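What follows is one structure encoded as structure tokens, with my remarks underneath.
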Amino acid sequence: MKTTSQIAKHILEFHFGGNWTASNLKTVLDSITWQQATTKIQDFNTIATLVFHINYYIDANLKVLQGEKLNAKDALSFNHPPITNQKDWEQFLDKIFTQAKQFAELIKQLPDSKLQAYFEDEKYGTYFRNLFGIIEHSHYHLGQIVMLKKLVVV
């Protein structure tokens, strides 16, 4: 199997299940209401903010794979649109899960040789570093989401 297919598989497993951690974003978020997702605990990010943050980098990389220039700033990666009702929350999640599927599909289409190429610019490292980094980054924040969920779902 191609390495790019394996990376795409990991992206999908993080979002929808089947990975070694036995934890995935969709299952963790399925029972969370918009009020719980936006509940602020001390100075921690909210669940909604962390979900946006995870997807911010997927969205930026997805656009590159679609042929656009990289246009992302770390300072903006926590600035999600307001979520003021359940419909906002559900639309937010629908967008995230749709983009995950699109992202995985485009990764799968990459030739393995592309993984050693620089991602947009040498300063960003290789495609492999960026794609694999997204998986690591996403799992890190999923752990935070799980902990916050324990605090807000009573």
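Residue names in the structure tokens use chain letters A, B, ... in the order shown, residue numbers from 1 in each chain, and ligand numbers from 1 in the order shown.
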
Checklist line | Ser113 of chain A surroundings by only C-alpha atoms, 10 Å radius, close-in-sequence under 5 positions cut, as a ChimeraX atom specification | finding: /A:3-4,127-128

What are the closest atom pairs, with distances in Å to one decimal, for each residue of segment 51-153 of chain A lying within 10 Å of segment 30-43 of chain A, using only C-alpha atoms, rows by chain and rising residue number, as JSON lines?
{"residue": "A:Val51", "atom": "CA", "partner": "A:Ala37", "partner_atom": "CA", "distance": 9.2}
{"residue": "A:Pro82", "atom": "CA", "partner": "A:Thr38", "partner_atom": "CA", "distance": 9.3}
{"residue": "A:Ile83", "atom": "CA", "partner": "A:Trp34", "partner_atom": "CA", "distance": 7.1}
{"residue": "A:Thr84", "atom": "CA", "partner": "A:Trp34", "partner_atom": "CA", "distance": 7.4}
{"residue": "A:Asn85", "atom": "CA", "partner": "A:Trp34", "partner_atom": "CA", "distance": 6.1}
{"residue": "A:Gln86", "atom": "CA", "partner": "A:Trp34", "partner_atom": "CA", "distance": 5.2}
{"residue": "A:Lys87", "atom": "CA", "partner": "A:Trp34", "partner_atom": "CA", "distance": 8.4}
{"residue": "A:Asp88", "atom": "CA", "partner": "A:Trp34", "partner_atom": "CA", "distance": 7.9}
{"residue": "A:Trp89", "atom": "CA", "partner": "A:Trp34", "partner_atom": "CA", "distance": 5.5}
{"residue": "A:Glu90", "atom": "CA", "partner": "A:Trp34", "partner_atom": "CA", "distance": 8.2}
{"residue": "A:Leu93", "atom": "CA", "partner": "A:Asp30", "partner_atom": "CA", "distance": 9.5}
{"residue": "A:Ile145", "atom": "CA", "partner": "A:Ala37", "partner_atom": "CA", "distance": 9.3}
{"residue": "A:Leu148", "atom": "CA", "partner": "A:Ile41", "partner_atom": "CA", "distance": 7.9}
{"residue": "A:Lys149", "atom": "CA", "partner": "A:Ile32", "partner_atom": "CA", "distance": 7.8}
{"residue": "A:Leu151", "atom": "CA", "partner": "A:Ile41", "partner_atom": "CA", "distance": 8.0}
{"residue": "A:Val152", "atom": "CA", "partner": "A:Gln36", "partner_atom": "CA", "distance": 5.9}
{"residue": "A:Val153", "atom": "CA", "partner": "A:Gln36", "partner_atom": "CA", "distance": 6.9}

Could you turn the residues from that selection into a file that holds N, CA and C atoms, as an mmCIF file, in the first residue's frame?
data_model
loop_
_atom_site.group_PDB
_atom_site.id
_atom_site.type_symbol
_atom_site.label_atom_id
_atom_site.label_comp_id
_atom_site.auth_asym_id
_atom_site.auth_seq_id
_atom_site.Cartn_x
_atom_site.Cartn_y
_atom_site.Cartn_z
ATOM 1 N N VAL A 51 -11.557 22.125 18.576
ATOM 2 C CA VAL A 51 -11.993 21.485 17.334
ATOM 3 C C VAL A 51 -11.666 22.395 16.155
ATOM 4 N N PRO A 82 -18.555 32.459 15.824
ATOM 5 C CA PRO A 82 -19.424 32.253 16.995
ATOM 6 C C PRO A 82 -20.316 31.024 16.828
ATOM 7 N N ILE A 83 -20.519 30.337 17.923
ATOM 8 C CA ILE A 83 -21.446 29.208 17.967
ATOM 9 C C ILE A 83 -22.472 29.575 19.036
ATOM 10 N N THR A 84 -23.685 29.886 18.584
ATOM 11 C CA THR A 84 -24.691 30.397 19.511
ATOM 12 C C THR A 84 -25.921 29.499 19.636
ATOM 13 N N ASN A 85 -25.923 28.379 18.907
ATOM 14 C CA ASN A 85 -27.048 27.451 19.005
ATOM 15 C C ASN A 85 -26.627 26.083 18.464
ATOM 16 N N GLN A 86 -27.501 25.107 18.613
ATOM 17 C CA GLN A 86 -27.178 23.745 18.200
ATOM 18 C C GLN A 86 -26.959 23.649 16.693
ATOM 19 N N LYS A 87 -27.713 24.412 15.924
ATOM 20 C CA LYS A 87 -27.559 24.390 14.466
ATOM 21 C C LYS A 87 -26.158 24.871 14.071
ATOM 22 N N ASP A 88 -25.682 25.948 14.699
ATOM 23 C CA ASP A 88 -24.320 26.435 14.435
ATOM 24 C C ASP A 88 -23.302 25.332 14.704
ATOM 25 N N TRP A 89 -23.456 24.645 15.823
ATOM 26 C CA TRP A 89 -22.539 23.585 16.232
ATOM 27 C C TRP A 89 -22.555 22.436 15.222
ATOM 28 N N GLU A 90 -23.747 22.023 14.831
ATOM 29 C CA GLU A 90 -23.877 20.918 13.879
ATOM 30 C C GLU A 90 -23.309 21.288 12.506
ATOM 31 N N LEU A 93 -19.537 21.161 12.772
ATOM 32 C CA LEU A 93 -19.035 19.786 12.740
ATOM 33 C C LEU A 93 -19.167 19.172 11.350
ATOM 34 N N ILE A 145 -9.560 17.564 24.466
ATOM 35 C CA ILE A 145 -11.018 17.593 24.309
ATOM 36 C C ILE A 145 -11.669 16.549 25.217
ATOM 37 N N LEU A 148 -11.611 17.886 28.753
ATOM 38 C CA LEU A 148 -12.608 18.953 28.930
ATOM 39 C C LEU A 148 -14.025 18.393 28.943
ATOM 40 N N LYS A 149 -14.264 17.405 28.104
ATOM 41 C CA LYS A 149 -15.589 16.784 28.086
ATOM 42 C C LYS A 149 -15.938 16.206 29.447
ATOM 43 N N LEU A 151 -15.096 17.382 32.215
ATOM 44 C CA LEU A 151 -15.384 18.492 33.111
ATOM 45 C C LEU A 151 -16.724 19.186 32.806
ATOM 46 N N VAL A 152 -17.146 19.174 31.549
ATOM 47 C CA VAL A 152 -18.372 19.921 31.202
ATOM 48 C C VAL A 152 -19.606 19.047 31.074
ATOM 49 N N VAL A 153 -19.427 17.759 30.835
ATOM 50 C CA VAL A 153 -20.590 16.855 30.737
ATOM 51 C C VAL A 153 -20.802 16.217 32.100
#

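One distance worth recording is that between atom CA of Leu50 of chain A and atom CA of Phe78 of chain A, which is 7.2 Å.
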
Could you build a table of the residues in segment 65-138 of chain A lying no more than 7 Å from segment 10-26 of chain A, giving for each the nearest pair of atoms and their separation in Å rounded to one decimal place, using only C-alpha atoms, ordered by chain and ascending residue number, as a tab-separated table?
residue	atom	partner	partner_atom	distance
A:Ala100	CA	A:Leu12	CA	6.8
A:Lys101	CA	A:Leu12	CA	6.8
A:Ala104	CA	A:Ile11	CA	6.2
A:Ile135	CA	A:Ile11	CA	6.4

Using C-alpha atoms, can you write the selected residues to a file as a short mmCIF file (atom, residue, chain, number, x, y, z; two decimals), in the first residue's frame?
data_model
loop_
_atom_site.label_atom_id
_atom_site.label_comp_id
_atom_site.auth_asym_id
_atom_site.auth_seq_id
_atom_site.Cartn_x
_atom_site.Cartn_y
_atom_site.Cartn_z
CA ALA A 100 -11.51 15.61 6.67
CA LYS A 101 -12.88 13.32 3.97
CA ALA A 104 -7.88 12.29 3.02
CA ILE A 135 -2.08 13.62 12.72
#

In segment 42-83 of chain A, DSSP helix (DSSP H, G or I) residues written as an mmCIF file with C-alpha atoms, in the first residue's frame:
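What follows is the written file states-v4.cif:
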data_model
loop_
_atom_site.group_PDB
_atom_site.id
_atom_site.type_symbol
_atom_site.label_atom_id
_atom_site.label_comp_id
_atom_site.auth_asym_id
_atom_site.auth_seq_id
_atom_site.Cartn_x
_atom_site.Cartn_y
_atom_site.Cartn_z
ATOM 1 C CA ILE A 47 -13.977 22.214 23.121
ATOM 2 C CA ALA A 48 -15.259 24.226 20.151
ATOM 3 C CA THR A 49 -12.040 26.234 20.058
ATOM 4 C CA LEU A 50 -9.901 23.088 20.073
ATOM 5 C CA VAL A 51 -11.993 21.485 17.334
ATOM 6 C CA PHE A 52 -11.606 24.624 15.235
ATOM 7 C CA HIS A 53 -7.869 24.672 15.957
ATOM 8 C CA ILE A 54 -7.443 21.068 14.804
ATOM 9 C CA ASN A 55 -9.358 21.764 11.622
ATOM 10 C CA TYR A 56 -7.621 25.088 10.956
ATOM 11 C CA TYR A 57 -4.499 23.249 9.834
ATOM 12 C CA ILE A 58 -6.438 20.615 7.928
ATOM 13 C CA ASP A 59 -8.297 23.384 6.095
ATOM 14 C CA ALA A 60 -5.057 25.233 5.263
ATOM 15 C CA ASN A 61 -3.353 22.079 3.990
ATOM 16 C CA LEU A 62 -6.476 20.996 2.109
ATOM 17 C CA LYS A 63 -6.410 24.257 0.184
ATOM 18 C CA VAL A 64 -2.774 23.664 -0.768
ATOM 19 C CA LEU A 65 -3.670 20.197 -2.043
ATOM 20 C CA ASP A 74 -0.847 30.366 13.842
ATOM 21 C CA ALA A 75 -2.270 33.468 15.563
ATOM 22 C CA LEU A 76 -5.614 32.880 13.814
#

Next item on the list: Go through A:Val28, A:Ala117, A:Ile96, A:Val154 one by one, measure the shortest atom-to-atom distance of each to Leu142 of chain A using only C-alpha atoms, and give the residue with the smallest value.
Entry: A:Val28

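Proximity to Tyr124 of chain A was assessed for A:Ile7, A:Ala72, A:Ile107, A:Leu29 counting only C-alpha atoms; the smallest distance is recorded for A:Ala72.
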